[in-house]
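Source file model_32.pdb; content: PDB, C-alpha atoms.
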ATOM      1  CA  MET A   1       0.000   0.000   0.000  1.00  0.00           C
ATOM      2  CA  PHE A   2       2.826   2.376   0.899  1.00  0.00           C
ATOM      3  CA  HIS A   3       4.579   1.727  -2.420  1.00  0.00           C
ATOM      4  CA  LEU A   4       1.336   2.373  -4.287  1.00  0.00           C
ATOM      5  CA  LEU A   5       0.870   5.765  -2.565  1.00  0.00           C
ATOM      6  CA  GLN A   6       4.508   6.747  -3.263  1.00  0.00           C
ATOM      7  CA  ALA A   7       4.201   5.875  -6.945  1.00  0.00           C
ATOM      8  CA  THR A   8       0.989   7.880  -7.193  1.00  0.00           C
ATOM      9  CA  ALA A   9       2.631  10.917  -5.556  1.00  0.00           C
ATOM     10  CA  ASN A  10       5.599  10.713  -7.929  1.00  0.00           C
ATOM     11  CA  ASN A  11       3.268  10.617 -10.921  1.00  0.00           C
ATOM     12  CA  ILE A  12       1.399  13.686  -9.661  1.00  0.00           C
ATOM     13  CA  VAL A  13       4.674  15.643  -9.178  1.00  0.00           C
ATOM     14  CA  ASP A  14       5.936  14.655 -12.618  1.00  0.00           C
ATOM     15  CA  SER A  15       2.699  15.709 -14.232  1.00  0.00           C
ATOM     16  CA  LEU A  16       2.603  19.185 -12.610  1.00  0.00           C
ATOM     17  CA  PRO A  17       4.876  20.929 -15.195  1.00  0.00           C
ATOM     18  CA  ARG A  18       2.807  19.449 -18.039  1.00  0.00           C
ATOM     19  CA  ALA A  19      -0.493  20.366 -16.393  1.00  0.00           C
ATOM     20  CA  THR A  20       0.497  23.966 -15.745  1.00  0.00           C
ATOM     21  CA  GLY A  21       2.225  24.394 -19.093  1.00  0.00           C
ATOM     22  CA  VAL A  22       5.522  25.391 -17.421  1.00  0.00           C
ATOM     23  CA  PRO A  23       8.564  23.603 -18.877  1.00  0.00           C
ATOM     24  CA  ALA A  24      10.690  21.704 -16.439  1.00  0.00           C
ATOM     25  CA  ILE A  25      13.864  23.252 -17.910  1.00  0.00           C
ATOM     26  CA  PRO A  26      13.921  27.065 -18.283  1.00  0.00           C
ATOM     27  CA  GLU A  27      14.000  28.168 -21.892  1.00  0.00           C
ATOM     28  CA  LYS A  28      17.182  30.023 -22.838  1.00  0.00           C
ATOM     29  CA  ILE A  29      16.858  33.226 -24.815  1.00  0.00           C
ATOM     30  CA  SER A  30      19.536  35.278 -26.525  1.00  0.00           C
ATOM     31  CA  MET A  31      19.992  38.974 -25.888  1.00  0.00           C
ATOM     32  CA  TRP A  32      18.933  39.837 -29.443  1.00  0.00           C
ATOM     33  CA  ASP A  33      15.732  37.789 -29.132  1.00  0.00           C
ATOM     34  CA  LEU A  34      15.013  39.489 -25.823  1.00  0.00           C
ATOM     35  CA  LEU A  35      15.456  42.945 -27.366  1.00  0.00           C
ATOM     36  CA  GLN A  36      13.129  42.017 -30.214  1.00  0.00           C
ATOM     37  CA  LYS A  37      10.414  41.281 -27.689  1.00  0.00           C
ATOM     38  CA  GLY A  38      10.441  44.971 -26.754  1.00  0.00           C
ATOM     39  CA  GLY A  39       8.312  45.732 -29.818  1.00  0.00           C
ATOM     40  CA  TYR A  40       8.313  48.648 -32.220  1.00  0.00           C
ATOM     41  CA  ILE A  41       9.249  51.156 -29.495  1.00  0.00           C
ATOM     42  CA  MET A  42      12.762  49.656 -29.584  1.00  0.00           C
ATOM     43  CA  TYR A  43      13.466  51.251 -32.977  1.00  0.00           C
ATOM     44  CA  PRO A  44      13.471  54.841 -31.617  1.00  0.00           C
ATOM     45  CA  LEU A  45      15.685  53.584 -28.801  1.00  0.00           C
ATOM     46  CA  TYR A  46      18.124  52.062 -31.315  1.00  0.00           C
ATOM     47  CA  LEU A  47      18.175  55.407 -33.123  1.00  0.00           C
ATOM     48  CA  LEU A  48      18.871  57.275 -29.878  1.00  0.00           C
ATOM     49  CA  LEU A  49      21.707  54.881 -29.039  1.00  0.00           C
ATOM     50  CA  ALA A  50      23.286  55.282 -32.490  1.00  0.00           C
ATOM     51  CA  THR A  51      22.980  59.072 -32.208  1.00  0.00           C
ATOM     52  CA  ALA A  52      24.586  59.126 -28.782  1.00  0.00           C
ATOM     53  CA  ILE A  53      27.507  56.956 -29.905  1.00  0.00           C
ATOM     54  CA  PHE A  54      28.101  59.020 -33.057  1.00  0.00           C
ATOM     55  CA  VAL A  55      27.972  62.371 -31.232  1.00  0.00           C
ATOM     56  CA  PHE A  56      30.219  61.115 -28.437  1.00  0.00           C
ATOM     57  CA  PHE A  57      33.032  59.923 -30.695  1.00  0.00           C
ATOM     58  CA  GLU A  58      32.711  62.913 -33.070  1.00  0.00           C
ATOM     59  CA  ARG A  59      33.037  65.337 -30.151  1.00  0.00           C
ATOM     60  CA  LEU A  60      35.754  63.258 -28.484  1.00  0.00           C
ATOM     61  CA  ILE A  61      37.949  63.442 -31.589  1.00  0.00           C
ATOM     62  CA  ALA A  62      37.337  67.192 -31.964  1.00  0.00           C
ATOM     63  CA  ILE A  63      38.030  67.951 -28.290  1.00  0.00           C
ATOM     64  CA  ARG A  64      41.204  65.851 -28.196  1.00  0.00           C
ATOM     65  CA  LYS A  65      42.428  67.627 -31.308  1.00  0.00           C
ATOM     66  CA  ALA A  66      41.699  70.996 -29.682  1.00  0.00           C
ATOM     67  CA  SER A  67      43.481  70.045 -26.461  1.00  0.00           C
ATOM     68  CA  ASN A  68      46.603  68.812 -28.271  1.00  0.00           C
ATOM     69  CA  ILE A  69      48.831  71.773 -27.426  1.00  0.00           C
ATOM     70  CA  ASP A  70      52.604  71.704 -27.875  1.00  0.00           C
ATOM     71  CA  GLY A  71      54.299  72.413 -24.560  1.00  0.00           C
ATOM     72  CA  ASN A  72      56.963  74.463 -26.372  1.00  0.00           C
ATOM     73  CA  PHE A  73      54.450  76.670 -28.199  1.00  0.00           C
ATOM     74  CA  MET A  74      54.385  79.508 -25.662  1.00  0.00           C
ATOM     75  CA  ASN A  75      58.192  79.489 -25.372  1.00  0.00           C
ATOM     76  CA  ILE A  76      58.468  80.085 -29.123  1.00  0.00           C
ATOM     77  CA  ILE A  77      55.919  82.893 -28.926  1.00  0.00           C
ATOM     78  CA  ARG A  78      57.815  84.411 -25.995  1.00  0.00           C
ATOM     79  CA  ASP A  79      61.107  84.417 -27.893  1.00  0.00           C
ATOM     80  CA  HIS A  80      59.565  86.139 -30.927  1.00  0.00           C
ATOM     81  CA  VAL A  81      57.671  88.726 -28.899  1.00  0.00           C
ATOM     82  CA  ILE A  82      60.661  89.649 -26.749  1.00  0.00           C
ATOM     83  CA  THR A  83      62.738  90.181 -29.899  1.00  0.00           C
ATOM     84  CA  SER A  84      59.852  92.244 -31.362  1.00  0.00           C
ATOM     85  CA  ASN A  85      59.449  89.747 -34.209  1.00  0.00           C
ATOM     86  CA  VAL A  86      55.642  89.812 -34.143  1.00  0.00           C
ATOM     87  CA  THR A  87      55.378  88.627 -37.752  1.00  0.00           C
ATOM     88  CA  ALA A  88      57.217  85.388 -36.950  1.00  0.00           C
ATOM     89  CA  ALA A  89      55.099  84.916 -33.828  1.00  0.00           C
ATOM     90  CA  ARG A  90      51.894  85.316 -35.835  1.00  0.00           C
ATOM     91  CA  SER A  91      53.186  82.893 -38.446  1.00  0.00           C
ATOM     92  CA  VAL A  92      53.743  80.266 -35.740  1.00  0.00           C
ATOM     93  CA  ALA A  93      50.288  80.890 -34.285  1.00  0.00           C
ATOM     94  CA  ARG A  94      48.514  80.715 -37.642  1.00  0.00           C
ATOM     95  CA  ASN A  95      50.265  77.460 -38.541  1.00  0.00           C
ATOM     96  CA  THR A  96      49.174  75.844 -35.259  1.00  0.00           C
ATOM     97  CA  ASN A  97      45.650  74.457 -35.382  1.00  0.00           C
ATOM     98  CA  ASN A  98      44.259  74.630 -31.854  1.00  0.00           C
ATOM     99  CA  PRO A  99      42.209  77.085 -29.746  1.00  0.00           C
ATOM    100  CA  VAL A 100      45.194  78.386 -27.805  1.00  0.00           C
ATOM    101  CA  ALA A 101      47.046  79.322 -30.987  1.00  0.00           C
ATOM    102  CA  ARG A 102      44.024  81.142 -32.422  1.00  0.00           C
ATOM    103  CA  MET A 103      43.567  83.023 -29.168  1.00  0.00           C
ATOM    104  CA  ILE A 104      47.247  84.013 -29.061  1.00  0.00           C
ATOM    105  CA  ASP A 105      47.104  85.087 -32.703  1.00  0.00           C
ATOM    106  CA  LYS A 106      44.275  87.482 -31.850  1.00  0.00           C
ATOM    107  CA  GLY A 107      46.380  88.874 -29.007  1.00  0.00           C
ATOM    108  CA  LEU A 108      49.353  89.348 -31.352  1.00  0.00           C
ATOM    109  CA  GLN A 109      47.125  91.293 -33.732  1.00  0.00           C
ATOM    110  CA  ARG A 110      46.259  93.690 -30.890  1.00  0.00           C
ATOM    111  CA  ILE A 111      49.844  94.371 -29.763  1.00  0.00           C
ATOM    112  CA  GLY A 112      50.292  98.077 -29.204  1.00  0.00           C
ATOM    113  CA  LYS A 113      46.815  98.564 -27.766  1.00  0.00           C
ATOM    114  CA  PRO A 114      46.011  98.705 -24.020  1.00  0.00           C
ATOM    115  CA  ILE A 115      46.316  95.430 -22.110  1.00  0.00           C
ATOM    116  CA  ASP A 116      42.607  95.479 -21.303  1.00  0.00           C
ATOM    117  CA  ALA A 117      41.726  95.637 -25.001  1.00  0.00           C
ATOM    118  CA  ILE A 118      44.085  92.765 -25.769  1.00  0.00           C
ATOM    119  CA  GLU A 119      42.610  90.650 -22.971  1.00  0.00           C
ATOM    120  CA  LYS A 120      39.082  91.394 -24.164  1.00  0.00           C
ATOM    121  CA  SER A 121      39.878  90.368 -27.732  1.00  0.00           C
ATOM    122  CA  MET A 122      41.475  87.140 -26.580  1.00  0.00           C
ATOM    123  CA  GLU A 123      38.537  86.445 -24.276  1.00  0.00           C
ATOM    124  CA  ASN A 124      36.100  86.794 -27.186  1.00  0.00           C
ATOM    125  CA  VAL A 125      38.093  84.304 -29.243  1.00  0.00           C
ATOM    126  CA  GLY A 126      38.212  81.976 -26.255  1.00  0.00           C
ATOM    127  CA  LYS A 127      34.418  82.078 -25.933  1.00  0.00           C
ATOM    128  CA  LEU A 128      34.059  81.253 -29.613  1.00  0.00           C
ATOM    129  CA  GLU A 129      36.437  78.300 -29.289  1.00  0.00           C
ATOM    130  CA  MET A 130      34.521  77.054 -26.258  1.00  0.00           C
ATOM    131  CA  TYR A 131      31.314  77.223 -28.255  1.00  0.00           C
ATOM    132  CA  LYS A 132      32.923  75.143 -31.012  1.00  0.00           C
ATOM    133  CA  MET A 133      33.989  72.464 -28.536  1.00  0.00           C
ATOM    134  CA  GLU A 134      30.587  72.368 -26.816  1.00  0.00           C
ATOM    135  CA  ARG A 135      28.683  72.122 -30.097  1.00  0.00           C
ATOM    136  CA  ASN A 136      26.257  69.164 -30.248  1.00  0.00           C
ATOM    137  CA  LEU A 137      26.874  68.266 -26.592  1.00  0.00           C
ATOM    138  CA  ASN A 138      23.257  69.186 -25.917  1.00  0.00           C
ATOM    139  CA  ILE A 139      22.281  66.212 -28.112  1.00  0.00           C
ATOM    140  CA  LEU A 140      23.831  63.840 -25.568  1.00  0.00           C
ATOM    141  CA  SER A 141      21.981  65.635 -22.800  1.00  0.00           C
ATOM    142  CA  LEU A 142      18.744  65.300 -24.757  1.00  0.00           C
ATOM    143  CA  VAL A 143      19.265  61.574 -25.341  1.00  0.00           C
ATOM    144  CA  ALA A 144      20.018  61.079 -21.635  1.00  0.00           C
ATOM    145  CA  GLY A 145      16.688  62.720 -20.825  1.00  0.00           C
ATOM    146  CA  ILE A 146      14.304  61.220 -23.353  1.00  0.00           C
ATOM    147  CA  ALA A 147      15.638  57.652 -23.726  1.00  0.00           C
ATOM    148  CA  PRO A 148      14.287  56.535 -20.318  1.00  0.00           C
ATOM    149  CA  MET A 149      10.967  58.222 -21.154  1.00  0.00           C
ATOM    150  CA  PHE A 150      10.717  56.261 -24.396  1.00  0.00           C
ATOM    151  CA  GLY A 151      11.486  53.104 -22.441  1.00  0.00           C
ATOM    152  CA  PHE A 152       8.743  53.758 -19.886  1.00  0.00           C
ATOM    153  CA  LEU A 153       6.347  54.640 -22.695  1.00  0.00           C
ATOM    154  CA  GLY A 154       7.030  51.295 -24.356  1.00  0.00           C
ATOM    155  CA  THR A 155       6.388  49.473 -21.095  1.00  0.00           C
ATOM    156  CA  ILE A 156       3.122  51.318 -20.473  1.00  0.00           C
ATOM    157  CA  VAL A 157       1.890  50.674 -24.016  1.00  0.00           C
ATOM    158  CA  GLY A 158       2.826  47.000 -23.697  1.00  0.00           C
ATOM    159  CA  MET A 159       1.021  46.664 -20.376  1.00  0.00           C
ATOM    160  CA  VAL A 160      -2.103  48.281 -21.821  1.00  0.00           C
ATOM    161  CA  GLU A 161      -2.011  45.839 -24.738  1.00  0.00           C
ATOM    162  CA  LEU A 162      -1.483  42.923 -22.348  1.00  0.00           C
ATOM    163  CA  PHE A 163      -4.418  43.731 -20.078  1.00  0.00           C
ATOM    164  CA  TYR A 164      -6.634  44.626 -23.014  1.00  0.00           C
ATOM    165  CA  GLY A 165      -5.955  41.187 -24.470  1.00  0.00           C
ATOM    166  CA  ILE A 166      -6.768  39.561 -21.131  1.00  0.00           C
ATOM    167  CA  SER A 167     -10.027  41.491 -20.801  1.00  0.00           C
ATOM    168  CA  SER A 168     -10.986  40.660 -24.388  1.00  0.00           C
ATOM    169  CA  THR A 169     -10.299  36.928 -24.279  1.00  0.00           C
ATOM    170  CA  GLY A 170     -10.852  36.265 -20.595  1.00  0.00           C
ATOM    171  CA  GLU A 171      -7.751  34.076 -20.604  1.00  0.00           C
ATOM    172  CA  TYR A 172      -5.281  34.825 -17.901  1.00  0.00           C
ATOM    173  CA  THR A 173      -2.658  32.512 -16.512  1.00  0.00           C
ATOM    174  CA  LEU A 174       0.404  33.203 -14.436  1.00  0.00           C
ATOM    175  CA  SER A 175       2.709  32.313 -17.317  1.00  0.00           C
ATOM    176  CA  THR A 176       0.856  34.582 -19.753  1.00  0.00           C
ATOM    177  CA  ILE A 177       0.889  37.572 -17.417  1.00  0.00           C
ATOM    178  CA  ALA A 178       4.508  37.061 -16.312  1.00  0.00           C
ATOM    179  CA  GLY A 179       5.679  36.554 -19.908  1.00  0.00           C
ATOM    180  CA  GLY A 180       3.881  39.672 -21.077  1.00  0.00           C
ATOM    181  CA  ILE A 181       5.246  41.800 -18.238  1.00  0.00           C
ATOM    182  CA  TYR A 182       8.895  40.789 -18.574  1.00  0.00           C
ATOM    183  CA  THR A 183       8.947  41.345 -22.326  1.00  0.00           C
ATOM    184  CA  LYS A 184       7.429  44.817 -21.896  1.00  0.00           C
ATOM    185  CA  MET A 185      10.013  45.688 -19.233  1.00  0.00           C
ATOM    186  CA  VAL A 186      12.709  45.270 -21.902  1.00  0.00           C
ATOM    187  CA  THR A 187      11.991  48.775 -23.232  1.00  0.00           C
ATOM    188  CA  SER A 188      12.340  50.341 -19.777  1.00  0.00           C
ATOM    189  CA  ALA A 189      15.670  48.619 -19.171  1.00  0.00           C
ATOM    190  CA  SER A 190      16.946  49.571 -22.628  1.00  0.00           C
ATOM    191  CA  GLY A 191      15.888  53.196 -22.209  1.00  0.00           C
ATOM    192  CA  LEU A 192      17.605  53.468 -18.828  1.00  0.00           C
ATOM    193  CA  ILE A 193      20.828  51.918 -20.163  1.00  0.00           C
ATOM    194  CA  ILE A 194      20.896  54.219 -23.207  1.00  0.00           C
ATOM    195  CA  GLY A 195      20.181  57.242 -21.018  1.00  0.00           C
ATOM    196  CA  LEU A 196      22.987  56.240 -18.660  1.00  0.00           C
ATOM    197  CA  ILE A 197      25.437  55.834 -21.550  1.00  0.00           C
ATOM    198  CA  ALA A 198      24.550  59.293 -22.904  1.00  0.00           C
ATOM    199  CA  PHE A 199      24.779  60.849 -19.418  1.00  0.00           C
ATOM    200  CA  ILE A 200      28.236  59.391 -18.750  1.00  0.00           C
ATOM    201  CA  GLY A 201      29.432  60.425 -22.226  1.00  0.00           C
ATOM    202  CA  HIS A 202      28.164  63.986 -21.726  1.00  0.00           C
ATOM    203  CA  ASN A 203      29.881  64.339 -18.355  1.00  0.00           C
ATOM    204  CA  TYR A 204      33.155  62.904 -19.664  1.00  0.00           C
ATOM    205  CA  LEU A 205      33.259  65.296 -22.629  1.00  0.00           C
ATOM    206  CA  THR A 206      32.358  68.235 -20.385  1.00  0.00           C
ATOM    207  CA  THR A 207      35.314  67.378 -18.155  1.00  0.00           C
ATOM    208  CA  GLN A 208      37.662  67.274 -21.158  1.00  0.00           C
ATOM    209  CA  ILE A 209      36.385  70.665 -22.348  1.00  0.00           C
ATOM    210  CA  GLU A 210      37.008  72.150 -18.909  1.00  0.00           C
ATOM    211  CA  LYS A 211      40.596  70.880 -18.990  1.00  0.00           C
ATOM    212  CA  THR A 212      41.128  72.520 -22.385  1.00  0.00           C
ATOM    213  CA  ALA A 213      39.557  75.747 -21.088  1.00  0.00           C
ATOM    214  CA  ASN A 214      42.048  75.762 -18.213  1.00  0.00           C
ATOM    215  CA  LYS A 215      44.897  75.437 -20.701  1.00  0.00           C
ATOM    216  CA  MET A 216      43.496  78.362 -22.674  1.00  0.00           C
ATOM    217  CA  GLU A 217      43.242  80.535 -19.567  1.00  0.00           C
ATOM    218  CA  ALA A 218      46.804  79.656 -18.554  1.00  0.00           C
ATOM    219  CA  ALA A 219      48.113  80.490 -22.031  1.00  0.00           C
ATOM    220  CA  SER A 220      46.225  83.797 -22.041  1.00  0.00           C
ATOM    221  CA  ALA A 221      47.690  84.801 -18.675  1.00  0.00           C
ATOM    222  CA  GLU A 222      51.180  83.783 -19.815  1.00  0.00           C
ATOM    223  CA  PHE A 223      50.817  85.823 -23.011  1.00  0.00           C
ATOM    224  CA  ILE A 224      49.860  88.948 -21.054  1.00  0.00           C
ATOM    225  CA  ASP A 225      52.911  88.434 -18.856  1.00  0.00           C
ATOM    226  CA  ILE A 226      55.062  88.134 -21.967  1.00  0.00           C
ATOM    227  CA  LEU A 227      53.773  91.441 -23.292  1.00  0.00           C
ATOM    228  CA  GLN A 228      54.687  93.128 -20.039  1.00  0.00           C
ATOM    229  CA  GLU A 229      58.187  91.623 -19.764  1.00  0.00           C
ATOM    230  CA  PRO A 230      59.989  94.064 -22.098  1.00  0.00           C
ATOM    231  CA  THR A 231      58.775  96.993 -19.976  1.00  0.00           C
ATOM    232  CA  HIS A 232      60.531  95.758 -16.839  1.00  0.00           C
TER     233      HIS A 232
END

Starting from the coordinates I provided, produce the structure as structure tokens.
Amino acid sequence: MFHLLQATANNIVDSLPRATGVPAIPEKISMWDLLQKGGYIMYPLYLLLATAIFVFFERLIAIRKASNIDGNFMNIIRDHVITSNVTAARSVARNTNNPVARMIDKGLQRIGKPIDAIEKSMENVGKLEMYKMERNLNILSLVAGIAPMFGFLGTIVGMVELFYGISSTGEYTLSTIAGGIYTKMVTSASGLIIGLIAFIGHNYLTTQIEKTANKMEAASAEFIDILQEPTH
């Protein structure tokens, strides 16, 4: 009798996965298949991710090029200015492609005018160069803000579709509800990840721009000191 009861219990346990429709072994799913389950809202998210990556690397290359300043540049300018060879100094500045050189070239053009006027001219050029480096950075900020919103929108739309289907058919099982919810959460997770990537990229580029701005300010102060050296 005991053996009969044990065999019956084992049969009931074995039949539970088949009765509930839940597979005994969890189904494996690839990352690409999981992303596809996010639905059509994933396409705007893909576009936002591609935009963020393109803007980040385009700005990174431009900023690194702008911050590539020869450590001997100001020494050469100093030697030419002290010897009153302004033409040679301007030639060096014009042949150097970075914000510091363009700012110094503007200062060389104003030699002979009051120091305040020279500083003002160089400051204006510096502001223009800063604007060039910061161009399109607002796109990264925009992506960081709207990508999570798109993700939440996709989840909300998916949940509405899920519960509408349940109310229409009257069929609701734990596996159906759980499967519908986890696939709709894919858009939220994707939006948050894309927003985080854009946020980190924006902050990193902002830090690099600030470093270049500090170099520009240091070069400007050094140039003013150079102009005042011959008068000592």

Give me, as CSV, each residue of region 47-73 of chain A that comes within 9 Å of region 144-154 of chain A, together with its shortest interatomic pair and the distance in Å at one decimal, counting only C-alpha atoms, with rows ordered by chain and rising residue number.
residue,atom,partner,partner_atom,distance
A:Leu48,CA,A:Ala147,CA,7.0
A:Leu49,CA,A:Ala147,CA,8.5
A:Ala52,CA,A:Ala144,CA,8.7

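We find CA of Asn138 (chain A) and CA of Tyr46 (chain A) to be spaced 18.7 Å apart.
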
Expanded to explicit residues, what is the PyMOL selection byres ((chain A and resi 94-106) around 7) for this file, as a JSON list (two decimals) with C-alpha atoms, keeping the file's coordinate frame?
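Output contents, as saved in part_2.json:
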[["chain", "number", "residue", "atom", "x", "y", "z"],
["A", 66, "ALA", "CA", 41.70, 71.00, -29.68],
["A", 69, "ILE", "CA", 48.83, 71.77, -27.43],
["A", 90, "ARG", "CA", 51.89, 85.32, -35.84],
["A", 91, "SER", "CA", 53.19, 82.89, -38.45],
["A", 92, "VAL", "CA", 53.74, 80.27, -35.74],
["A", 93, "ALA", "CA", 50.29, 80.89, -34.28],
["A", 107, "GLY", "CA", 46.38, 88.87, -29.01],
["A", 108, "LEU", "CA", 49.35, 89.35, -31.35],
["A", 109, "GLN", "CA", 47.12, 91.29, -33.73],
["A", 110, "ARG", "CA", 46.26, 93.69, -30.89],
["A", 121, "SER", "CA", 39.88, 90.37, -27.73],
["A", 122, "MET", "CA", 41.48, 87.14, -26.58],
["A", 125, "VAL", "CA", 38.09, 84.30, -29.24],
["A", 126, "GLY", "CA", 38.21, 81.98, -26.26],
["A", 129, "GLU", "CA", 36.44, 78.30, -29.29],
["A", 216, "MET", "CA", 43.50, 78.36, -22.67],
["A", 219, "ALA", "CA", 48.11, 80.49, -22.03]]

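For the pair CA of Lys215 (chain A) and CA of Met74 (chain A), the separation is 11.5 Å.
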
Quiz item: So how far away is CA of Phe199 (chain A) from CA of Arg64 (chain A), in Å?
Solution: 19.3 Å

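When the PyMOL selection byres ((chain A and resi 187) around 8) is run on the displayed coordinates, the residues it returns are Leu35, Gly38, Ile41, Met42, Phe150, Gly151, Phe152, Gly154, Thr155, Lys184, Met185, Val186, Ser188, Ala189, Ser190 and Gly191 of chain A.
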
Quiz item: Which residue gives the smallest distance to Asn214 (chain A) among A:Val55, A:Ser67, A:Leu60, A:Lys120, with only C-alpha atoms counted?
Solution: A:Ser67

Exercise. Kindly indicate which residue among A:Ile63, A:Met159, A:Ala221, A:Ile53 lies nearest to Ile209 (chain A), using all atoms listed in the file for the distances.
Key: A:Ile63

Quiz item: Is there a way to get, as an MDAnalysis selection string, all residues within 12 Å of the point (25.0, 69.1, -27.6) in file coordinates, counting only C-alpha atoms?
Solution: chainID A and resid 51:52 54:56 58:59 131:144 198:199 201:203 205:206

Generate the coordinates of all heavy atoms for region 49-56 of chain A; report them as an mmCIF file, in the frame of the given file.
data_model
loop_
_atom_site.group_PDB
_atom_site.id
_atom_site.type_symbol
_atom_site.label_atom_id
_atom_site.label_comp_id
_atom_site.auth_asym_id
_atom_site.auth_seq_id
_atom_site.Cartn_x
_atom_site.Cartn_y
_atom_site.Cartn_z
ATOM 1 N N LEU A 49 20.399 55.449 -29.387
ATOM 2 C CA LEU A 49 21.707 54.881 -29.039
ATOM 3 C C LEU A 49 22.736 55.176 -30.113
ATOM 4 O O LEU A 49 23.874 55.585 -29.809
ATOM 5 C CB LEU A 49 21.573 53.370 -28.841
ATOM 6 C CG LEU A 49 22.877 52.608 -28.564
ATOM 7 C CD1 LEU A 49 23.530 53.117 -27.287
ATOM 8 C CD2 LEU A 49 22.613 51.110 -28.481
ATOM 9 N N ALA A 50 22.362 54.994 -31.389
ATOM 10 C CA ALA A 50 23.286 55.282 -32.490
ATOM 11 C C ALA A 50 23.670 56.767 -32.506
ATOM 12 O O ALA A 50 24.841 57.111 -32.730
ATOM 13 C CB ALA A 50 22.646 54.886 -33.823
ATOM 14 N N THR A 51 22.702 57.635 -32.239
ATOM 15 C CA THR A 51 22.980 59.072 -32.208
ATOM 16 C C THR A 51 23.944 59.408 -31.090
ATOM 17 O O THR A 51 24.898 60.189 -31.284
ATOM 18 C CB THR A 51 21.672 59.859 -32.028
ATOM 19 O OG1 THR A 51 20.786 59.563 -33.104
ATOM 20 C CG2 THR A 51 21.937 61.354 -31.993
ATOM 21 N N ALA A 52 23.717 58.845 -29.924
ATOM 22 C CA ALA A 52 24.586 59.126 -28.782
ATOM 23 C C ALA A 52 26.018 58.663 -29.045
ATOM 24 O O ALA A 52 26.980 59.378 -28.741
ATOM 25 C CB ALA A 52 24.037 58.444 -27.526
ATOM 26 N N ILE A 53 26.164 57.475 -29.623
ATOM 27 C CA ILE A 53 27.507 56.956 -29.905
ATOM 28 C C ILE A 53 28.211 57.822 -30.943
ATOM 29 O O ILE A 53 29.396 58.161 -30.789
ATOM 30 C CB ILE A 53 27.413 55.493 -30.382
ATOM 31 C CG1 ILE A 53 26.935 54.593 -29.234
ATOM 32 C CG2 ILE A 53 28.763 55.005 -30.908
ATOM 33 C CD1 ILE A 53 26.684 53.164 -29.647
ATOM 34 N N PHE A 54 27.493 58.203 -32.007
ATOM 35 C CA PHE A 54 28.101 59.020 -33.057
ATOM 36 C C PHE A 54 28.533 60.374 -32.508
ATOM 37 O O PHE A 54 29.669 60.820 -32.748
ATOM 38 C CB PHE A 54 27.111 59.221 -34.205
ATOM 39 C CG PHE A 54 27.590 60.192 -35.253
ATOM 40 C CD1 PHE A 54 28.512 59.796 -36.211
ATOM 41 C CD2 PHE A 54 27.143 61.500 -35.260
ATOM 42 C CE1 PHE A 54 28.973 60.693 -37.167
ATOM 43 C CE2 PHE A 54 27.591 62.410 -36.206
ATOM 44 C CZ PHE A 54 28.508 61.998 -37.157
ATOM 45 N N VAL A 55 27.653 61.045 -31.771
ATOM 46 C CA VAL A 55 27.972 62.371 -31.232
ATOM 47 C C VAL A 55 29.137 62.287 -30.251
ATOM 48 O O VAL A 55 30.029 63.146 -30.257
ATOM 49 C CB VAL A 55 26.740 62.995 -30.560
ATOM 50 C CG1 VAL A 55 27.111 64.274 -29.817
ATOM 51 C CG2 VAL A 55 25.668 63.300 -31.589
ATOM 52 N N PHE A 56 29.147 61.241 -29.426
ATOM 53 C CA PHE A 56 30.219 61.115 -28.437
ATOM 54 C C PHE A 56 31.583 61.017 -29.109
ATOM 55 O O PHE A 56 32.517 61.759 -28.750
ATOM 56 C CB PHE A 56 29.984 59.888 -27.558
ATOM 57 C CG PHE A 56 31.130 59.602 -26.617
ATOM 58 C CD1 PHE A 56 31.275 60.341 -25.459
ATOM 59 C CD2 PHE A 56 32.061 58.621 -26.905
ATOM 60 C CE1 PHE A 56 32.336 60.098 -24.585
ATOM 61 C CE2 PHE A 56 33.116 58.371 -26.049
ATOM 62 C CZ PHE A 56 33.252 59.111 -24.882
#
